[in-house]
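J.: Please read through the structure below; I'll follow up with questions.
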Amino acid sequence: MVFEWLKSIFRRKVKEPVKPVVKHRKKIRRLVKLGKVRKVEKRKVLVSELMTRKIISVSPSSTLDKVADLFLSKNISGAPVLDRKFFIGEISKTDILNLLKKDTLEGLTEDERSMLSKIKVSDVMKKPICIYQHETIEEAEKKMDKFKIKRLLVLDKRKNLVGIITRTDLLRGKSKEEIKQKVFTKVDEMVTILEKEGKKTFKELSTKLNVPESLIEEWCKVLEEHGLVEVEYPVVGNPSVKIKAKL
């Protein structure tokens with residue numbers, strides 16, 4: 001037993017040949033997680049970003065001849081009515097023109113001025129159509145189209161008058177492509193009206209399409225250059241346009 005024990009101690013250990021370690025390169029599988037493509041939402045432009053903050057107002061006691069002069073000198077088509085800083089109404093150039101039965105405030109006669117001097121703003125002012133400054137310009141445009149107006153008075157959360165936004169202001173918030181599309185659509189509507197209803201004055205088209213007469217005239221000139229319409233400028237009265245007859 002002792003011998004076996006000693007033998008086990010002094011026995012020369014034979015080392016087993018070391019097997020070369022072959023490292024297998026693990027294949028790394030790259031997993032690409034496919035998520036839903038998020039649509040980049042177009043940032044909505046608020047009324048407060050485009051509105052005019054400088055407000056030109058009139059008093060309810062002002063006479064219409066003075067208001068007409070103000071509209072011409074400031075090149076504006078309407079103004080809010082303020083009484084001791086309280087917002088009580090609105091008056092527009094159209095309100096005065098309807099009384100005069102004219103198309104422009106320029107060149108008023110003495111009789112016309114005399115008539116307007118006897119009428120106060122409070123006699124013709126209307127309840128204004130307003131929008132809040134935190135609303136979007138899309139909402140403002142819808143409201144203008146609905147009521148067929150060219151401007152909105154802007155209120156803050158406390159319903160204080162803080163500005164005015166017009167159709168011209170809205171155009172500044174749109175891309176060029178949107179503006180082009182809008183113009184093409186309006187021109188197409190105008191041509192359709194002329195084809196169906198015949199000759200129309202610039203004023204009639206302006207009312208139907210809810211755009212300024214100056215734009216109607218510009219569009220008609222372009223269409224006339226391309227031989228699509230005929231424009232007539234009478235000595236007295238509003239210019240008119242009709243589809244050009246085919247020869």
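Each chain in the structure tokens gets a letter, A, B and so on, in the order shown; residues start at 1 in every chain, and ligands are counted from 1 in the order they appear.
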I want to know what sits within 10 Å of Pro239 of chain A, based on only C-alpha atoms, with residues of the same chain fewer than 6 positions away left out; could you give that as a PDB file with C-alpha atoms, in the first residue's frame?
T.:
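What ended up in selection_23.pdb:
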```
ATOM      1  CA  LYS A 200     -69.783  90.107 -65.661  1.00  0.00           C
ATOM      2  CA  THR A 201     -68.445  93.312 -64.154  1.00  0.00           C
ATOM      3  CA  PHE A 202     -65.273  93.251 -62.073  1.00  0.00           C
ATOM      4  CA  LYS A 203     -67.376  94.125 -59.041  1.00  0.00           C
ATOM      5  CA  GLU A 213     -61.347  93.929 -57.825  1.00  0.00           C
ATOM      6  CA  GLU A 217     -58.474  93.015 -63.279  1.00  0.00           C
ATOM      7  CA  VAL A 231     -62.306  93.228 -71.262  1.00  0.00           C
ATOM      8  CA  GLU A 232     -64.433  96.330 -71.695  1.00  0.00           C
ATOM      9  CA  TYR A 233     -63.694  99.659 -69.992  1.00  0.00           C
TER      10      TYR A 233
END
```
J.: As a list in words, please: every residue in segment 30-160 of chain A that a backbone DSSP assignment puts in strand (DSSP E).
T.: Gly78, Ala79, Pro80, Val81, Leu82, Asp83, Phe86, Phe87, Ile88, Gly89, Glu90, Ile91, Ser92, Cys130, Ile131, Tyr132, Arg151, Leu152, Leu153, Val154 and Leu155 of chain A
J.: Dump N, CA and C atoms for the selected residues as a PDB file, in the first residue's frame?
T.:
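Dumped to selection-v7.pdb:
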```pdb
ATOM      1  N   GLY A  78     -61.089  99.030 -43.427  1.00  0.00           N
ATOM      2  CA  GLY A  78     -61.976  98.924 -42.280  1.00  0.00           C
ATOM      3  C   GLY A  78     -61.246  99.247 -40.994  1.00  0.00           C
ATOM      4  N   ALA A  79     -62.020  99.435 -39.930  1.00  0.00           N
ATOM      5  CA  ALA A  79     -61.415  99.767 -38.644  1.00  0.00           C
ATOM      6  C   ALA A  79     -62.355  99.385 -37.501  1.00  0.00           C
ATOM      7  N   PRO A  80     -61.786  98.997 -36.357  1.00  0.00           N
ATOM      8  CA  PRO A  80     -62.620  98.718 -35.185  1.00  0.00           C
ATOM      9  C   PRO A  80     -63.119 100.019 -34.572  1.00  0.00           C
ATOM     10  N   VAL A  81     -64.244  99.942 -33.896  1.00  0.00           N
ATOM     11  CA  VAL A  81     -64.821 101.118 -33.233  1.00  0.00           C
ATOM     12  C   VAL A  81     -64.562 100.972 -31.734  1.00  0.00           C
ATOM     13  N   LEU A  82     -63.849 101.947 -31.172  1.00  0.00           N
ATOM     14  CA  LEU A  82     -63.524 101.922 -29.752  1.00  0.00           C
ATOM     15  C   LEU A  82     -64.174 103.106 -29.041  1.00  0.00           C
ATOM     16  N   ASP A  83     -64.767 102.810 -27.902  1.00  0.00           N
ATOM     17  CA  ASP A  83     -65.378 103.845 -27.068  1.00  0.00           C
ATOM     18  C   ASP A  83     -64.741 103.767 -25.689  1.00  0.00           C
ATOM     19  N   PHE A  86     -63.007 100.661 -25.009  1.00  0.00           N
ATOM     20  CA  PHE A  86     -63.839  99.467 -25.079  1.00  0.00           C
ATOM     21  C   PHE A  86     -64.195  99.196 -26.540  1.00  0.00           C
ATOM     22  N   PHE A  87     -64.029  97.974 -26.934  1.00  0.00           N
ATOM     23  CA  PHE A  87     -64.274  97.549 -28.304  1.00  0.00           C
ATOM     24  C   PHE A  87     -65.771  97.280 -28.488  1.00  0.00           C
ATOM     25  N   ILE A  88     -66.441  98.088 -29.334  1.00  0.00           N
ATOM     26  CA  ILE A  88     -67.901  97.971 -29.427  1.00  0.00           C
ATOM     27  C   ILE A  88     -68.413  97.636 -30.831  1.00  0.00           C
ATOM     28  N   GLY A  89     -67.557  97.665 -31.838  1.00  0.00           N
ATOM     29  CA  GLY A  89     -68.047  97.362 -33.182  1.00  0.00           C
ATOM     30  C   GLY A  89     -66.981  97.513 -34.246  1.00  0.00           C
ATOM     31  N   GLU A  90     -67.422  97.519 -35.497  1.00  0.00           N
ATOM     32  CA  GLU A  90     -66.508  97.633 -36.638  1.00  0.00           C
ATOM     33  C   GLU A  90     -67.209  98.355 -37.773  1.00  0.00           C
ATOM     34  N   ILE A  91     -66.434  99.112 -38.544  1.00  0.00           N
ATOM     35  CA  ILE A  91     -66.969  99.774 -39.736  1.00  0.00           C
ATOM     36  C   ILE A  91     -66.022  99.509 -40.899  1.00  0.00           C
ATOM     37  N   SER A  92     -66.579  99.311 -42.076  1.00  0.00           N
ATOM     38  CA  SER A  92     -65.754  99.010 -43.250  1.00  0.00           C
ATOM     39  C   SER A  92     -66.005 100.014 -44.371  1.00  0.00           C
ATOM     40  N   CYS A 130     -64.854  88.083 -35.096  1.00  0.00           N
ATOM     41  CA  CYS A 130     -63.523  88.022 -34.465  1.00  0.00           C
ATOM     42  C   CYS A 130     -62.950  86.620 -34.469  1.00  0.00           C
ATOM     43  N   ILE A 131     -61.680  86.550 -34.131  1.00  0.00           N
ATOM     44  CA  ILE A 131     -60.986  85.275 -33.967  1.00  0.00           C
ATOM     45  C   ILE A 131     -59.969  85.448 -32.847  1.00  0.00           C
ATOM     46  N   TYR A 132     -59.662  84.366 -32.156  1.00  0.00           N
ATOM     47  CA  TYR A 132     -58.682  84.437 -31.071  1.00  0.00           C
ATOM     48  C   TYR A 132     -57.265  84.299 -31.629  1.00  0.00           C
ATOM     49  N   ARG A 151     -61.154  90.553 -43.545  1.00  0.00           N
ATOM     50  CA  ARG A 151     -60.333  90.731 -42.348  1.00  0.00           C
ATOM     51  C   ARG A 151     -61.104  90.249 -41.123  1.00  0.00           C
ATOM     52  N   LEU A 152     -60.343  89.969 -40.078  1.00  0.00           N
ATOM     53  CA  LEU A 152     -60.931  89.574 -38.793  1.00  0.00           C
ATOM     54  C   LEU A 152     -60.249  90.365 -37.691  1.00  0.00           C
ATOM     55  N   LEU A 153     -61.018  90.758 -36.699  1.00  0.00           N
ATOM     56  CA  LEU A 153     -60.424  91.389 -35.534  1.00  0.00           C
ATOM     57  C   LEU A 153     -59.956  90.288 -34.588  1.00  0.00           C
ATOM     58  N   VAL A 154     -58.783  90.489 -33.991  1.00  0.00           N
ATOM     59  CA  VAL A 154     -58.150  89.439 -33.189  1.00  0.00           C
ATOM     60  C   VAL A 154     -58.258  89.769 -31.698  1.00  0.00           C
ATOM     61  N   LEU A 155     -58.685  88.772 -30.920  1.00  0.00           N
ATOM     62  CA  LEU A 155     -58.850  88.936 -29.475  1.00  0.00           C
ATOM     63  C   LEU A 155     -57.894  88.024 -28.719  1.00  0.00           C
TER      64      LEU A 155
END
```
J.: I'd like to know which of A:Leu50, A:Lys148, A:Ala140, A:Ser61 is closest to Asp123 of chain A, using only C-alpha atoms.
T.: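 Comparing A:Leu50, A:Lys148, A:Ala140, A:Ser61 against Asp123 of chain A, the winner is A:Ser61.
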J.: Find, counting only C-alpha atoms, the residue in A:Val124, A:Val191, A:Val235, A:Val162 that gets nearest to Cys220 of chain A.
T.: A:Val191
